[in-house]
Every structure is written in structure tokens, then in C-alpha cells.
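K.L.:
Can you keep this structure in mind? I'll have questions shortly.
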Amino acid sequence: MLVTLVAFSAACYQDVVTPSGPVTVSFVTPSYPGPGGTTLVSHGTVVMDGVDTVRIPEDSLVGLARGSHALTALLDVAYLPTRMSGTVSPSGSRMTVTVPLPGSCRIYAWDSAFCGSHSAVLWRGHQRTYCPANDFGDFCSWFADSYQLGLSWPADAADNQYLGHARLLVGAVLGADAPMSRSGDTLAMALFRGGDYAPRVRLHPVATDTSRWQGEVVTDMRRMPMAGSASPVLNADDRAGDNFGLAVRTTYSLPAGMPNAILVRFDVTNVSASADYRRVHPEEPATGHTLHDVYLAPTLAPTIACNGATGCSAGEDRDDNATMISPDSLLVAWDQEFSVPEFSSGYATAPALLGLRLIEGPAGTSAKGVIFDGGITPDFLTAANEHDSYRLLSAGRAGMVSGCSDYAPDAFVCAPETRSDIRMGWSVGPIASLAPGESTHLTVAILFADPKSGSFVTGTSVAPGNTSAAAFSDTTRAIWSISAKLRALGDSTRGVSVDTTSH
């Protein structure tokens, strides 16, 4: 657990005459905009020195001895505790302590003190893949990286970036037991915008085995303050009660025998009836609520280009494309001209392909690939965007999205045949219902492989051919031959499992 060392108060200094005697300590907690122009104040519990407990900010600690003290505070807007230590010795007999949100790693530029060796999925056993990750469910993302470098490969030879951002997105419909009579509302997560997740367990290696990493997040922080932001993403009365009520535990595995793969398992649980969730969301019924027509959508934003800190050739970060190879349950992304001038170690004229393979999904569901470009990005701001995002995450099974083509049963495509700011993911569902206490899971593999030699010409565009339902099993497409090594690697992950045990 990270410890924030702070001075309890700006008034903590010694007078010429050394003060003495007990101190009364009061507390200031984070505040944020509420409905109708009001201001909401966070509440919580403070434990001082592991002994004295008070509710804050309404109560004070009376009669505290001067000297060194440590406190732990659990705010009603966070799942992690805030830990502080310092010297209590004001010039008078009273002092005020400001209790901030708990420190955690989300965006390096804001949270560098909490982003470090734990904020990258990397195994000492092999150094082929480098996947920056944060405590908020984002992974293989430059958000948490001091170099603005997303997932790079081969990390033992170059810092060539292939992926700029990834996250598990979820879409669902609220049941009749939803809070605040929100039954029937559609919910959908955003790809880049914060507010869907908050950390409950920080990202960490499993024991001393850095081939496995875990973290856990909980949903529905859109109306809560976030560190680094002045106010929540949504107003307190904007779709109030539209809650997922989910916890997502993510386990990353770097298999010794698969140096060019990262396995990712998501365990999703409805925690809407848990005491921890209802502490943060007091509007939630004691029995929680059920979600219906749930879609799980692990989504990637390929960025086959130089990292954001060094700058790219004009358009280089937006000249990729993607397709699906349905017999292999494989989504594939590549630089459309197989040319990235900034890449090193011989990859400038032969950049690798990036794959996302679905290994395992919930029983009774089906899977469709979703391919879209930057013109259609999942978002919950505004309500209309959230409704369209649910349709996108359902891969058209819950309704069409303007500008998209439904090539059922394999894929839902919302991107051109020309170079694009491409994104891709799997839509797995529908899960008919997920009641309080129920869980589900799915596992994917992120893969890298060189293009097959002789199957492409650097500088020559290779279009995906996403033009019909039959295309995704067409062995005559150029990308079919080019991706031979990637398909073989994907096939080797068939039936592989991820150990989720924590030690």
C-alpha cells in the first residue's frame, strides 16, 4: 500500500515558545458539484494511530497528543483508503487536516508519484512485451506511462508501439429492480473517458511471480470526484441511478512458452448488493439490481506508430486497418502500407501484425468482431451517445448504428477500406441476466507476429476486404497469407487458461 507523506497542516510549525498540551483536530474532505447547483461533501471514517476512530468531516479528534501520528481514512467516494502521516504540533490548540482522495495511478502526468514499476505488465523471465497499465482498468495504454508509450513489441529490442489503449467495455440494460426507477435504461462504457471504473485493488504482480499481474476495479464513478479533476464527469442528477454495479478483476498472464502473447482474463461480478458498493452508492437498493442483455467487449485502439513522446510522421498514427479471420476467432490490425519510418530494429519496412484472439467466453453467448474508426467512439457523454454505444458494443444485435455494416454472424464494421484511426474488439453476449452476486468471465490473447515474408510489399496498401459476411473466412484475401504467423500463434492459445489465484 502506498503511503503519502504529508504535513498535516500548513500551521504545523514551532513558535518561539514551544506549544504544549493536547490538540483538537478537525478534517476537510473532498467536495464536488451536486444537483441544482449544490455542493456535495464527502464523508468517511478516520482511524488515528490504529486506535481512535471518528466520522469525518462532522466529528473531530479531541485531546490528541502532540507529536507524530498516522491516519487511515476511508471516504464514501473511494474504495481504497487514504493514508497519511505527519507531525501534530500547531501554534495553538486546534488544527485542520485535509484528507484527499487516495493516491493511485491513472494518468502519469497527474499521478507520477503512484505510477512506477507496478504500472507496467512486464515479466523478468522474458522481455518481449511491454504493457503499461493503471489502477483504473486501462491497459497497454500510454496513459500510465512516463514516455507516452503504449504496448510495445519486441520490447527487448525496440520500443515500437502497436497499441495505444485497451479496456474492457460493458453494455447492459437495467432490470425492474434498478435504483431510482431506471428500469429499461441502456448502459454503455466509454473507451477513453474516465468515470466508468475506480480502483479497489491496485495493479500488482501476483506474489513474486511477475508473469502474472492482477487488479480490480468497481464501476459507476461518473458522478464522483476523480483525482486530477475539478468535478465529476456527469452532473449528480444526470441519469442518476444508471448503475452497472459491477466489479471487474483483471488477470494478465505472460506465458513462458509464448513470449509474443499476453493473456488477459476478466472476471466480472455483480456487486450491487455488497456493503462496499452501497457505501459509495447509497441510492442502491439493499438487494442490489439485475442487469439484462449484457455484452462484454474487450476493446483495443491499435496505434502502429512511434510513441506519443517523440512525434510521428504526418498521419502515421492514423494509417492502420483491421479485419476479422473468423475460423481462428482472431481480429487482426496492421499498418495498411506496412511502413512505419520511426520503427527500429528492421521493423520500419516490415512492422508486425497485432492480434486479439477470443479464447473463452461465457456459456450460451456468441461472439462478433467489432471494427470501427475514430469517427465512432464508445462514450457515455451524452445520453444519446451512450445509447448508440450500447448498440455498438452489442455489435448490432441491439440495433444498428449509423455508418456501420452488419456482417452477421461474424462482424460489425464501422470503418472504411482505406487507412484509418482504427479500433477493434469482441462483442460477447448477450448474457441474459447478471443478478447480484452472480459472476461471469472471458479470456482473450493479445498477439504479435511478423508478416509472412514475400506476401507483402512495403509501401503498397493492403485493404482489409471487410465487404461481405463471406470475406472473413476468405482464404484468398491478401491478409490471410500475410497473417500466417499470427494465425499460427493464435491457434497455439486455443484452450489455454489463466491462473486467477492470488497468493
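To be explicit about the labels: the chains of the C-alpha cells are called A, B, and onward in the order shown, and within each one the residues are counted from 1, while ligands get numbers from 1 in the order they are shown.
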When DSSP works through the backbone of this structure, what residues of segment 6-172 of chain A end up as strand (DSSP E or B), shown as a ChimeraX atom specification?
P.N.:
/A:23-28,31-33,39-41,44-48,52-56,61-64,67-75,82-88,94-98,120-121,130-133,139,151-152,161-172
K.L.:
Please save C-alpha atoms of the selected residues as a PDB file, in the first residue's frame.
P.N.:
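The result, stored in again-v9.pdb:
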```pdb
ATOM      1  CA  VAL A  23      -4.799  19.260  20.278  1.00  0.00           C
ATOM      2  CA  THR A  24      -8.243  19.133  18.682  1.00  0.00           C
ATOM      3  CA  VAL A  25      -8.038  18.006  15.062  1.00  0.00           C
ATOM      4  CA  SER A  26     -10.847  18.613  12.552  1.00  0.00           C
ATOM      5  CA  PHE A  27     -10.998  17.355   8.981  1.00  0.00           C
ATOM      6  CA  VAL A  28     -11.752  18.696   5.492  1.00  0.00           C
ATOM      7  CA  SER A  31     -16.352  18.354  -2.185  1.00  0.00           C
ATOM      8  CA  TYR A  32     -17.924  18.292  -5.620  1.00  0.00           C
ATOM      9  CA  PRO A  33     -20.936  19.714  -7.517  1.00  0.00           C
ATOM     10  CA  THR A  39     -22.182  21.260  -3.289  1.00  0.00           C
ATOM     11  CA  LEU A  40     -21.778  17.712  -2.028  1.00  0.00           C
ATOM     12  CA  VAL A  41     -19.230  16.984   0.699  1.00  0.00           C
ATOM     13  CA  GLY A  44     -15.927   8.914   5.734  1.00  0.00           C
ATOM     14  CA  THR A  45     -14.194   7.316   8.684  1.00  0.00           C
ATOM     15  CA  VAL A  46     -10.754   8.160  10.084  1.00  0.00           C
ATOM     16  CA  VAL A  47      -8.692   5.866  12.260  1.00  0.00           C
ATOM     17  CA  MET A  48      -5.816   7.666  14.004  1.00  0.00           C
ATOM     18  CA  ASP A  52      -9.146   6.363  17.690  1.00  0.00           C
ATOM     19  CA  THR A  53     -11.995   6.312  15.164  1.00  0.00           C
ATOM     20  CA  VAL A  54     -14.229   9.249  14.160  1.00  0.00           C
ATOM     21  CA  ARG A  55     -16.615  10.097  11.352  1.00  0.00           C
ATOM     22  CA  ILE A  56     -15.441  12.949   9.141  1.00  0.00           C
ATOM     23  CA  LEU A  61     -10.440  14.234  17.389  1.00  0.00           C
ATOM     24  CA  VAL A  62     -10.273  15.846  20.808  1.00  0.00           C
ATOM     25  CA  GLY A  63      -7.323  15.634  23.156  1.00  0.00           C
ATOM     26  CA  LEU A  64      -4.769  14.284  20.674  1.00  0.00           C
ATOM     27  CA  GLY A  67       3.901  14.535  18.071  1.00  0.00           C
ATOM     28  CA  SER A  68       4.000  12.074  15.164  1.00  0.00           C
ATOM     29  CA  HIS A  69       0.768  10.428  14.111  1.00  0.00           C
ATOM     30  CA  ALA A  70      -0.593   8.340  11.222  1.00  0.00           C
ATOM     31  CA  LEU A  71      -4.139   8.098   9.987  1.00  0.00           C
ATOM     32  CA  THR A  72      -6.149   5.962   7.622  1.00  0.00           C
ATOM     33  CA  ALA A  73      -9.307   7.416   6.076  1.00  0.00           C
ATOM     34  CA  LEU A  74     -11.956   5.599   4.054  1.00  0.00           C
ATOM     35  CA  LEU A  75     -14.055   8.113   2.127  1.00  0.00           C
ATOM     36  CA  THR A  82      -6.196   7.346   2.103  1.00  0.00           C
ATOM     37  CA  ARG A  83      -3.094   7.008   4.299  1.00  0.00           C
ATOM     38  CA  MET A  84      -1.257   9.989   5.768  1.00  0.00           C
ATOM     39  CA  SER A  85       1.379  10.667   8.403  1.00  0.00           C
ATOM     40  CA  GLY A  86       2.951  13.743   9.898  1.00  0.00           C
ATOM     41  CA  THR A  87       3.659  15.843  12.982  1.00  0.00           C
ATOM     42  CA  VAL A  88       0.851  17.354  15.009  1.00  0.00           C
ATOM     43  CA  ARG A  94      -6.535  23.347  17.134  1.00  0.00           C
ATOM     44  CA  MET A  95      -5.608  22.289  13.621  1.00  0.00           C
ATOM     45  CA  THR A  96      -7.267  21.121  10.422  1.00  0.00           C
ATOM     46  CA  VAL A  97      -6.258  18.175   8.269  1.00  0.00           C
ATOM     47  CA  THR A  98      -7.281  17.987   4.619  1.00  0.00           C
ATOM     48  CA  ALA A 120       3.547  -1.982 -16.432  1.00  0.00           C
ATOM     49  CA  VAL A 121       2.771  -5.629 -17.092  1.00  0.00           C
ATOM     50  CA  TYR A 130       5.771  -4.153 -22.529  1.00  0.00           C
ATOM     51  CA  CYS A 131       2.224  -3.251 -21.462  1.00  0.00           C
ATOM     52  CA  PRO A 132       1.745  -0.043 -19.418  1.00  0.00           C
ATOM     53  CA  ALA A 133      -1.329  -0.325 -17.203  1.00  0.00           C
ATOM     54  CA  PHE A 139      -4.021  -1.480 -20.003  1.00  0.00           C
ATOM     55  CA  LEU A 151       2.117  -1.538 -25.719  1.00  0.00           C
ATOM     56  CA  SER A 152       5.455  -2.071 -27.436  1.00  0.00           C
ATOM     57  CA  GLN A 161       4.397   0.853 -30.344  1.00  0.00           C
ATOM     58  CA  TYR A 162       1.466  -1.237 -31.560  1.00  0.00           C
ATOM     59  CA  LEU A 163      -1.301  -0.390 -29.148  1.00  0.00           C
ATOM     60  CA  GLY A 164      -2.252   2.953 -27.611  1.00  0.00           C
ATOM     61  CA  HIS A 165      -5.080   1.933 -25.300  1.00  0.00           C
ATOM     62  CA  ALA A 166      -7.224  -1.017 -24.196  1.00  0.00           C
ATOM     63  CA  ARG A 167     -10.104  -1.564 -21.787  1.00  0.00           C
ATOM     64  CA  LEU A 168     -12.958  -3.956 -21.114  1.00  0.00           C
ATOM     65  CA  LEU A 169     -16.161  -2.171 -22.086  1.00  0.00           C
ATOM     66  CA  VAL A 170     -19.569  -3.366 -20.916  1.00  0.00           C
ATOM     67  CA  GLY A 171     -23.066  -2.692 -22.198  1.00  0.00           C
ATOM     68  CA  ALA A 172     -26.257  -3.675 -20.366  1.00  0.00           C
TER      69      ALA A 172
END
```
K.L.:
List as number ranges by chain the protein and nucleic acid residues near Leu381 of chain A, meaning an atom at most 9 Å away when only C-alpha atoms are counted, but skip any in the same chain fewer than 5 places from it.
P.N.:
A: 190, 193, 233-234, 386
K.L.:
Using C-alpha atoms, can you export the residues from the last selection as a PDB file, in the first residue's frame?
P.N.:
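Output saved as result23.pdb:
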```
ATOM      1  CA  ALA A 190     -16.558   4.835 -22.744  1.00  0.00           C
ATOM      2  CA  ARG A 193     -13.217   8.856 -20.884  1.00  0.00           C
ATOM      3  CA  VAL A 233     -17.746  13.752 -15.488  1.00  0.00           C
ATOM      4  CA  LEU A 234     -21.541  13.804 -15.103  1.00  0.00           C
ATOM      5  CA  GLU A 386     -24.440   6.099 -24.507  1.00  0.00           C
TER       6      GLU A 386
END
```
K.L.:
Write down as number ranges by chain the residues belonging to segment 137-347 of chain A that are assigned alpha helix (DSSP H) by DSSP computed on the backbone.
P.N.:
A: 275-280
K.L.:
Could you name the residues that touch segment 301-303 of chain A at 10 Å or less, counting only C-alpha atoms, but leaving out those on the same chain fewer than 3 positions away, as a PyMOL selection string?
P.N.:
chain A and resi 140-141+150-151+161-167+191-192+306-308+316-322+332-335+354-355+372-374+421-425
K.L.:
Pull N, CA and C atoms from the residues just selected and write them as an mmCIF file, in the first residue's frame.
P.N.:
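The file below, result-v5.cif, is the result:
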```
data_model
loop_
_atom_site.group_PDB
_atom_site.id
_atom_site.type_symbol
_atom_site.label_atom_id
_atom_site.label_comp_id
_atom_site.auth_asym_id
_atom_site.auth_seq_id
_atom_site.Cartn_x
_atom_site.Cartn_y
_atom_site.Cartn_z
ATOM 1 N N CYS A 140 -2.138 -1.632 -21.469
ATOM 2 C CA CYS A 140 -1.400 -1.462 -22.724
ATOM 3 C C CYS A 140 -1.646 -0.058 -23.274
ATOM 4 N N SER A 141 -1.662 0.911 -22.368
ATOM 5 C CA SER A 141 -2.065 2.271 -22.674
ATOM 6 C C SER A 141 -0.968 3.246 -22.281
ATOM 7 N N GLY A 150 2.562 3.238 -25.464
ATOM 8 C CA GLY A 150 1.619 2.168 -25.197
ATOM 9 C C GLY A 150 2.307 0.823 -25.286
ATOM 10 N N LEU A 151 1.543 -0.202 -25.645
ATOM 11 C CA LEU A 151 2.117 -1.538 -25.719
ATOM 12 C C LEU A 151 3.168 -1.593 -26.821
ATOM 13 N N GLN A 161 5.732 0.880 -30.948
ATOM 14 C CA GLN A 161 4.397 0.853 -30.344
ATOM 15 C C GLN A 161 3.376 0.257 -31.306
ATOM 16 N N TYR A 162 2.523 -0.621 -30.765
ATOM 17 C CA TYR A 162 1.466 -1.237 -31.560
ATOM 18 C C TYR A 162 0.077 -0.974 -31.010
ATOM 19 N N LEU A 163 -0.008 -0.560 -29.781
ATOM 20 C CA LEU A 163 -1.301 -0.390 -29.148
ATOM 21 C C LEU A 163 -1.258 0.832 -28.238
ATOM 22 N N GLY A 164 -2.233 1.731 -28.396
ATOM 23 C CA GLY A 164 -2.252 2.953 -27.611
ATOM 24 C C GLY A 164 -3.155 2.890 -26.412
ATOM 25 N N HIS A 165 -4.120 1.955 -26.397
ATOM 26 C CA HIS A 165 -5.080 1.933 -25.300
ATOM 27 C C HIS A 165 -5.933 0.677 -25.398
ATOM 28 N N ALA A 166 -6.329 0.142 -24.228
ATOM 29 C CA ALA A 166 -7.224 -1.017 -24.196
ATOM 30 C C ALA A 166 -8.018 -0.987 -22.904
ATOM 31 N N ARG A 167 -9.226 -1.534 -22.963
ATOM 32 C CA ARG A 167 -10.104 -1.564 -21.787
ATOM 33 C C ARG A 167 -11.239 -2.544 -22.053
ATOM 34 N N LEU A 191 -14.605 4.366 -24.095
ATOM 35 C CA LEU A 191 -13.289 3.787 -24.352
ATOM 36 C C LEU A 191 -12.177 4.617 -23.718
ATOM 37 N N PHE A 192 -12.254 5.934 -23.831
ATOM 38 C CA PHE A 192 -11.178 6.793 -23.348
ATOM 39 C C PHE A 192 -11.559 7.625 -22.128
ATOM 40 N N CYS A 306 5.108 5.389 -33.966
ATOM 41 C CA CYS A 306 6.033 5.791 -32.918
ATOM 42 C C CYS A 306 5.257 6.233 -31.683
ATOM 43 N N ASN A 307 5.940 6.300 -30.555
ATOM 44 C CA ASN A 307 5.237 6.666 -29.334
ATOM 45 C C ASN A 307 4.945 8.159 -29.311
ATOM 46 N N GLY A 308 3.976 8.536 -28.460
ATOM 47 C CA GLY A 308 3.484 9.909 -28.446
ATOM 48 C C GLY A 308 4.485 10.940 -27.989
ATOM 49 N N GLU A 316 0.950 9.078 -39.568
ATOM 50 C CA GLU A 316 1.424 7.724 -39.299
ATOM 51 C C GLU A 316 0.613 7.031 -38.209
ATOM 52 N N ASP A 317 0.074 7.819 -37.271
ATOM 53 C CA ASP A 317 -0.696 7.207 -36.188
ATOM 54 C C ASP A 317 -2.139 6.925 -36.589
ATOM 55 N N ARG A 318 -2.490 7.244 -37.845
ATOM 56 C CA ARG A 318 -3.865 7.033 -38.303
ATOM 57 C C ARG A 318 -3.905 6.342 -39.665
ATOM 58 N N ASP A 319 -2.968 5.462 -39.908
ATOM 59 C CA ASP A 319 -2.919 4.803 -41.224
ATOM 60 C C ASP A 319 -2.982 3.283 -41.096
ATOM 61 N N ASP A 320 -3.744 2.819 -40.100
ATOM 62 C CA ASP A 320 -3.858 1.386 -39.861
ATOM 63 C C ASP A 320 -5.215 0.867 -40.343
ATOM 64 N N ASN A 321 -5.391 -0.441 -40.280
ATOM 65 C CA ASN A 321 -6.694 -1.036 -40.561
ATOM 66 C C ASN A 321 -6.795 -2.371 -39.849
ATOM 67 N N ALA A 322 -7.964 -2.973 -39.923
ATOM 68 C CA ALA A 322 -8.194 -4.212 -39.171
ATOM 69 C C ALA A 322 -9.231 -5.063 -39.872
ATOM 70 N N VAL A 332 -7.388 -8.846 -36.421
ATOM 71 C CA VAL A 332 -6.028 -8.517 -36.846
ATOM 72 C C VAL A 332 -5.960 -7.051 -37.229
ATOM 73 N N ALA A 333 -4.914 -6.364 -36.753
ATOM 74 C CA ALA A 333 -4.656 -4.979 -37.144
ATOM 75 C C ALA A 333 -3.246 -4.879 -37.706
ATOM 76 N N TRP A 334 -3.062 -3.970 -38.649
ATOM 77 C CA TRP A 334 -1.752 -3.792 -39.280
ATOM 78 C C TRP A 334 -1.640 -2.382 -39.843
ATOM 79 N N ASP A 335 -0.410 -1.933 -40.059
ATOM 80 C CA ASP A 335 -0.177 -0.697 -40.789
ATOM 81 C C ASP A 335 -0.525 -0.964 -42.244
ATOM 82 N N LEU A 354 -0.816 -7.060 -35.196
ATOM 83 C CA LEU A 354 -1.367 -7.125 -33.847
ATOM 84 C C LEU A 354 -2.648 -7.946 -33.882
ATOM 85 N N GLY A 355 -2.770 -8.917 -32.997
ATOM 86 C CA GLY A 355 -3.955 -9.763 -32.982
ATOM 87 C C GLY A 355 -4.677 -9.720 -31.655
ATOM 88 N N PHE A 372 -14.137 -0.443 -35.847
ATOM 89 C CA PHE A 372 -14.623 0.914 -36.058
ATOM 90 C C PHE A 372 -13.452 1.876 -36.054
ATOM 91 N N ASP A 373 -13.679 3.078 -36.600
ATOM 92 C CA ASP A 373 -12.609 4.068 -36.615
ATOM 93 C C ASP A 373 -12.933 5.208 -35.658
ATOM 94 N N GLY A 374 -12.050 6.218 -35.635
ATOM 95 C CA GLY A 374 -12.178 7.298 -34.670
ATOM 96 C C GLY A 374 -13.440 8.116 -34.791
ATOM 97 N N ASP A 421 -7.944 5.572 -38.338
ATOM 98 C CA ASP A 421 -7.652 5.550 -36.909
ATOM 99 C C ASP A 421 -8.478 4.408 -36.327
ATOM 100 N N ILE A 422 -7.962 3.194 -36.476
ATOM 101 C CA ILE A 422 -8.779 2.001 -36.310
ATOM 102 C C ILE A 422 -8.861 1.562 -34.852
ATOM 103 N N ARG A 423 -9.991 0.970 -34.488
ATOM 104 C CA ARG A 423 -10.183 0.311 -33.189
ATOM 105 C C ARG A 423 -10.851 -1.032 -33.445
ATOM 106 N N MET A 424 -10.645 -1.983 -32.552
ATOM 107 C CA MET A 424 -11.252 -3.296 -32.745
ATOM 108 C C MET A 424 -11.510 -3.958 -31.392
ATOM 109 N N GLY A 425 -12.512 -4.820 -31.365
ATOM 110 C CA GLY A 425 -12.821 -5.522 -30.134
ATOM 111 C C GLY A 425 -13.786 -6.655 -30.387
#
```
K.L.:
For atom CA of Glu417 of chain A and atom CA of Gly315 of chain A, determine how far apart the two atoms are, in Å to one decimal place.
P.N.:
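Value for the atom CA of Glu417 of chain A-atom CA of Gly315 of chain A distance: 16.1 Å.
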K.L.:
Got a sec: who's within 8 Å of Asp177 of chain A, counting only C-alpha atoms, leaving out chain neighbours fewer than 4 positions off, as an NGL selection string?
P.N.:
:A and (181 or 183 or 288-290)
K.L.:
What's around segment 453-461 of chain A at 9 Å? Count only C-alpha atoms, leave out sequence neighbours fewer than 5 positions away in its own chain, and write the answer as a tab-separated table (two decimals) with N, CA and C atoms, in the first residue's frame.
P.N.:
```
chain	number	residue	atom	x	y	z
A	335	ASP	N	-0.41	-1.93	-40.06
A	335	ASP	CA	-0.18	-0.70	-40.79
A	335	ASP	C	-0.53	-0.96	-42.24
A	336	GLN	N	-1.43	-0.15	-42.80
A	336	GLN	CA	-2.00	-0.51	-44.10
A	336	GLN	C	-0.97	-0.55	-45.22
A	337	GLU	N	0.12	0.20	-45.08
A	337	GLU	CA	1.18	0.17	-46.10
A	337	GLU	C	2.41	-0.62	-45.64
A	338	PHE	N	2.33	-1.23	-44.47
A	338	PHE	CA	3.47	-1.94	-43.91
A	338	PHE	C	4.73	-1.09	-43.96
A	339	SER	N	4.59	0.12	-43.44
A	339	SER	CA	5.71	1.06	-43.41
A	339	SER	C	5.54	2.00	-42.23
A	349	THR	N	10.18	-1.34	-42.31
A	349	THR	CA	9.61	-1.79	-43.58
A	349	THR	C	8.87	-3.12	-43.45
A	350	ALA	N	8.77	-3.62	-42.23
A	350	ALA	CA	8.03	-4.87	-42.00
A	350	ALA	C	7.45	-4.88	-40.59
A	418	THR	N	-9.97	2.19	-46.50
A	418	THR	CA	-8.73	2.97	-46.56
A	418	THR	C	-8.13	3.11	-45.16
A	419	ARG	N	-6.90	3.57	-45.10
A	419	ARG	CA	-6.18	3.78	-43.84
A	419	ARG	C	-7.04	4.57	-42.86
A	478	ALA	N	-5.52	-11.08	-49.30
A	478	ALA	CA	-4.09	-10.88	-49.09
A	478	ALA	C	-3.71	-11.02	-47.62
A	479	ILE	N	-4.54	-10.49	-46.74
A	479	ILE	CA	-4.20	-10.50	-45.32
A	479	ILE	C	-4.21	-11.92	-44.75
A	481	SER	N	-2.84	-14.58	-46.12
A	481	SER	CA	-1.47	-15.09	-46.27
A	481	SER	C	-0.50	-14.29	-45.41
A	482	ILE	N	-0.66	-12.97	-45.39
A	482	ILE	CA	0.26	-12.12	-44.63
A	482	ILE	C	0.25	-12.48	-43.15
```
K.L.:
Can you pull out the residues contacting segment 439-450 of chain A? Cut-off 7 Å, using only C-alpha atoms, and skip same-chain residues under 6 positions away; I want them as an MDAnalysis selection string.
P.N.:
chainID A and resid 260:270 351:362 485:486
K.L.:
Residues at most 9 Å from Leu246 of chain A, counting only C-alpha atoms, excluding those fewer than 3 positions away in the same chain, as a PDB file with C-alpha atoms, in the first residue's frame?
P.N.:
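Here's the written file result.pdb:
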```pdb
ATOM      1  CA  VAL A 217     -11.954  -2.067 -10.343  1.00  0.00           C
ATOM      2  CA  VAL A 218     -15.548  -1.186  -9.483  1.00  0.00           C
ATOM      3  CA  THR A 219     -17.928   0.687 -11.765  1.00  0.00           C
ATOM      4  CA  ASP A 220     -20.061   3.832 -11.647  1.00  0.00           C
ATOM      5  CA  ASN A 243     -25.560   2.000 -12.295  1.00  0.00           C
ATOM      6  CA  VAL A 268     -16.994  -9.756 -13.845  1.00  0.00           C
ATOM      7  CA  THR A 269     -19.257  -9.853 -10.776  1.00  0.00           C
ATOM      8  CA  ASN A 270     -22.483  -8.055  -9.939  1.00  0.00           C
ATOM      9  CA  VAL A 271     -21.626  -6.446  -6.569  1.00  0.00           C
ATOM     10  CA  SER A 272     -24.591  -4.050  -6.431  1.00  0.00           C
ATOM     11  CA  TYR A 277     -20.664  -0.824  -3.197  1.00  0.00           C
TER      12      TYR A 277
END
```
K.L.:
Which is closer to Ala178 of chain A than all the others in A:Ser117, A:Ser366, A:Ser112, A:Thr287, using only C-alpha atoms?
P.N.:
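Looking at the shortest contact to Ala178 of chain A, the residue is A:Thr287.
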K.L.:
Give me, please, the distance in Å between atom CA of Ser313 of chain A and atom CA of Asp138 of chain A, quoted to one decimal.
P.N.:
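Calculated distance between atom CA of Ser313 of chain A and atom CA of Asp138 of chain A is 26.3 Å.
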K.L.:
Quick one: pull the distance between atom CA of Ser492 of chain A and atom CA of Leu122 of chain A, Å, one decimal.
P.N.:
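Between these atoms lies a distance of 21.1 Å.
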K.L.:
So, counting only C-alpha atoms, which residue among A:Gly92, A:Pro30, A:Gly364, A:Gly175 is closest to Met224 of chain A?
P.N.:
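When distances to Met224 of chain A are compared using only C-alpha atoms, the smallest one comes from A:Pro30.
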K.L.:
Find the residue from A:Tyr295, A:Phe472, A:Phe412, A:Phe380 that sits nearest to Ser433 of chain A; use only C-alpha atoms when measuring.
P.N.:
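With only C-alpha atoms as the atom set, the closest residue is A:Tyr295.
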